[in-house]
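> First, the structure itself, so that you have it in front of you.
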Amino acid sequence: TLIGVAVALPMVAIYTISAAMAGSAGALQAHATRFVGLSVLSLLTSGIVAVMLVLGGTKRIYGAFVGAAFYYVVQDAAAKVSPFFWEMVIGIILICVVLFLEGGLMSLFDLAKSLYARLRGGSRTP
């Protein structure tokens with residue numbers, strides 16, 4: 001227990017559900033491509049997923065989805081401009097997000113919400 005709350009059972013349930021989702025995704029990919037290779041276990045793939053999570057925000061449920069969408073949109077746009085330097089663009093954006101947005105891109109929603117409340121004259125949200 002942690003401060004009087006039993007966390008063992010919910011944590012087991014969460015890990016079980018996430019393992020089932022990961023296994024289902026792997027099975028669907030293997031079925032769709034009809035090939036399973038070691039390339040899906042590369043360090044590059046793990047690094048891209050980590051960059052997506054940091055971009056979106058690690059403290060939010062939807063941060064991973066926002067980070068993944070943002071990563072692929074920026075990758076596509078930057079690769080159209082310069083196919084050789086799109087990774088540098090992603091790196092610069094990642095550095096800016098880490099330095100200036102503590103909660104990732106999801107913190108921009110909080111900022112917009114507080115600005116909207118301030119413009120409406122409502123109470124300030126911390």
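Residues are referred to by chain and number: the chain letter is A, B, ... according to the order shown in the structure tokens, the number counts from 1 in that chain, and ligands are numbered separately from 1 in the order shown.
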For stretch 92-106 of chain A, work out the shell of residues within 8 Å, counting only C-alpha atoms and skipping chain neighbours fewer than 2 positions away, then give it as a ChimeraX atom specification.

/A:51,54-60,63,66-67,88-90,108-110

> Quick one: write out the picked residues with all heavy atoms as a compact mmCIF listing (two decimals), in the first residue's frame?


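again.txt written:
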```txt
# COMPACT_ATOMS: atom_id res chain seq x y z
N VAL A 51 11.27 9.73 -28.33
CA VAL A 51 11.16 11.12 -28.78
C VAL A 51 9.68 11.52 -28.88
O VAL A 51 9.29 12.61 -28.47
CB VAL A 51 11.88 11.32 -30.13
CG1 VAL A 51 11.52 12.65 -30.76
CG2 VAL A 51 13.38 11.23 -29.93
N VAL A 54 8.35 12.14 -25.33
CA VAL A 54 8.85 13.38 -24.73
C VAL A 54 8.20 14.59 -25.40
O VAL A 54 7.84 15.56 -24.74
CB VAL A 54 10.39 13.45 -24.83
CG1 VAL A 54 10.91 14.81 -24.45
CG2 VAL A 54 11.00 12.38 -23.94
N LEU A 55 8.04 14.54 -26.73
CA LEU A 55 7.40 15.65 -27.43
C LEU A 55 5.97 15.87 -26.95
O LEU A 55 5.55 16.99 -26.72
CB LEU A 55 7.40 15.41 -28.94
CG LEU A 55 8.69 15.67 -29.69
CD1 LEU A 55 8.54 15.25 -31.14
CD2 LEU A 55 9.09 17.12 -29.60
N GLY A 56 5.22 14.80 -26.82
CA GLY A 56 3.82 14.92 -26.42
C GLY A 56 3.64 15.31 -24.98
O GLY A 56 2.76 16.08 -24.63
N GLY A 57 4.47 14.78 -24.12
CA GLY A 57 4.33 15.05 -22.69
C GLY A 57 4.23 13.74 -21.94
O GLY A 57 3.38 12.91 -22.25
N THR A 58 5.07 13.58 -20.96
CA THR A 58 5.12 12.30 -20.27
C THR A 58 4.13 12.20 -19.12
O THR A 58 3.89 11.12 -18.61
CB THR A 58 6.54 12.08 -19.70
OG1 THR A 58 6.87 13.17 -18.85
CG2 THR A 58 7.55 11.96 -20.82
N LYS A 59 3.53 13.29 -18.72
CA LYS A 59 2.62 13.27 -17.57
C LYS A 59 1.16 13.23 -17.99
O LYS A 59 0.28 13.37 -17.15
CB LYS A 59 2.87 14.49 -16.70
CG LYS A 59 4.26 14.53 -16.11
CD LYS A 59 4.48 15.77 -15.29
CE LYS A 59 5.91 15.80 -14.79
NZ LYS A 59 6.19 17.01 -14.02
N ARG A 60 0.88 13.08 -19.25
CA ARG A 60 -0.48 13.10 -19.76
C ARG A 60 -0.83 11.80 -20.47
O ARG A 60 0.02 11.18 -21.10
CB ARG A 60 -0.67 14.24 -20.74
CG ARG A 60 -0.36 15.59 -20.19
CD ARG A 60 -1.39 15.96 -19.12
NE ARG A 60 -1.17 17.29 -18.62
CZ ARG A 60 -1.73 18.37 -19.13
NH1 ARG A 60 -2.53 18.29 -20.15
NH2 ARG A 60 -1.47 19.55 -18.61
N GLY A 63 -0.62 12.41 -24.26
CA GLY A 63 0.64 12.97 -24.71
C GLY A 63 1.32 12.12 -25.77
O GLY A 63 1.92 12.63 -26.70
N VAL A 66 -0.46 12.74 -29.13
CA VAL A 66 -0.13 14.06 -29.65
C VAL A 66 1.32 14.08 -30.14
O VAL A 66 1.62 14.61 -31.22
CB VAL A 66 -0.37 15.15 -28.58
CG1 VAL A 66 0.20 16.48 -29.00
CG2 VAL A 66 -1.84 15.27 -28.27
N GLY A 67 2.22 13.48 -29.37
CA GLY A 67 3.62 13.44 -29.76
C GLY A 67 3.85 12.65 -31.04
O GLY A 67 4.63 13.05 -31.90
N MET A 88 17.50 16.82 -38.13
CA MET A 88 17.99 17.97 -37.40
C MET A 88 16.82 18.86 -36.96
O MET A 88 16.82 19.40 -35.85
CB MET A 88 18.96 18.78 -38.26
CG MET A 88 19.62 19.91 -37.51
SD MET A 88 20.88 20.77 -38.46
CE MET A 88 19.91 21.61 -39.68
N VAL A 89 15.82 18.98 -37.80
CA VAL A 89 14.63 19.77 -37.45
C VAL A 89 13.93 19.14 -36.25
O VAL A 89 13.55 19.84 -35.29
CB VAL A 89 13.68 19.88 -38.66
CG1 VAL A 89 12.37 20.54 -38.26
CG2 VAL A 89 14.34 20.64 -39.79
N ILE A 90 13.76 17.82 -36.28
CA ILE A 90 13.14 17.12 -35.15
C ILE A 90 13.98 17.33 -33.89
O ILE A 90 13.44 17.56 -32.80
CB ILE A 90 12.99 15.62 -35.45
CG1 ILE A 90 12.05 15.38 -36.63
CG2 ILE A 90 12.54 14.85 -34.22
CD1 ILE A 90 10.59 15.43 -36.31
N LEU A 108 0.86 23.13 -23.83
CA LEU A 108 0.33 24.25 -24.61
C LEU A 108 -1.18 24.36 -24.48
O LEU A 108 -1.74 25.45 -24.53
CB LEU A 108 0.72 24.09 -26.09
CG LEU A 108 2.20 24.26 -26.40
CD1 LEU A 108 2.45 23.99 -27.87
CD2 LEU A 108 2.68 25.65 -26.03
N PHE A 109 -1.85 23.22 -24.28
CA PHE A 109 -3.30 23.25 -24.07
C PHE A 109 -3.65 23.93 -22.75
O PHE A 109 -4.61 24.69 -22.68
CB PHE A 109 -3.89 21.84 -24.12
CG PHE A 109 -3.83 21.21 -25.48
CD1 PHE A 109 -3.02 20.13 -25.73
CD2 PHE A 109 -4.60 21.71 -26.51
CE1 PHE A 109 -2.95 19.56 -26.97
CE2 PHE A 109 -4.55 21.15 -27.77
CZ PHE A 109 -3.73 20.07 -28.00
N ASP A 110 -2.86 23.65 -21.71
CA ASP A 110 -3.07 24.34 -20.43
C ASP A 110 -2.82 25.83 -20.55
O ASP A 110 -3.56 26.64 -19.99
CB ASP A 110 -2.16 23.76 -19.35
CG ASP A 110 -2.54 22.35 -18.97
OD1 ASP A 110 -3.70 21.97 -19.19
OD2 ASP A 110 -1.67 21.63 -18.45
```

> Using the chain letters and numbers from this document, which residues of chain A does DSSP assign to helix (DSSP H, G or I), as an NGL selection string?

:A and (8-33 or 38-41 or 43-56 or 63-81 or 86-100 or 104-120)

> Counting only C-alpha atoms, which residue out of A:Leu115, A:Ala69, A:Ala25, A:Ala64 sits closest to A:Val40?

A:Ala25

> So how many Å separate atom CA of A:Val74 and atom CA of A:Ile48, to one decimal?

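If I compute the distance from atom CA of A:Val74 to atom CA of A:Ile48, I get 13.1 Å.
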
> Between atom CA of A:Phe70 and atom CA of A:Leu53, what is the spacing in Å?

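Separation between atom CA of A:Leu53 and atom CA of A:Phe70: 10.5 Å.
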
> Quick one: residues within 12 Å of A:Val36, only C-alpha atoms, excluding same-chain residues fewer than 6 positions away - as a list in words?

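My reading of the contact set: Gly26, Ala27, Leu28, Gln29 and Ala30 of chain A.
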
> What is the distance between atom CA of A:Val7 and atom CA of A:Gly47, in Å to one decimal?

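Interatomic distance, atom CA of A:Val7 to atom CA of A:Gly47: 29.8 Å.
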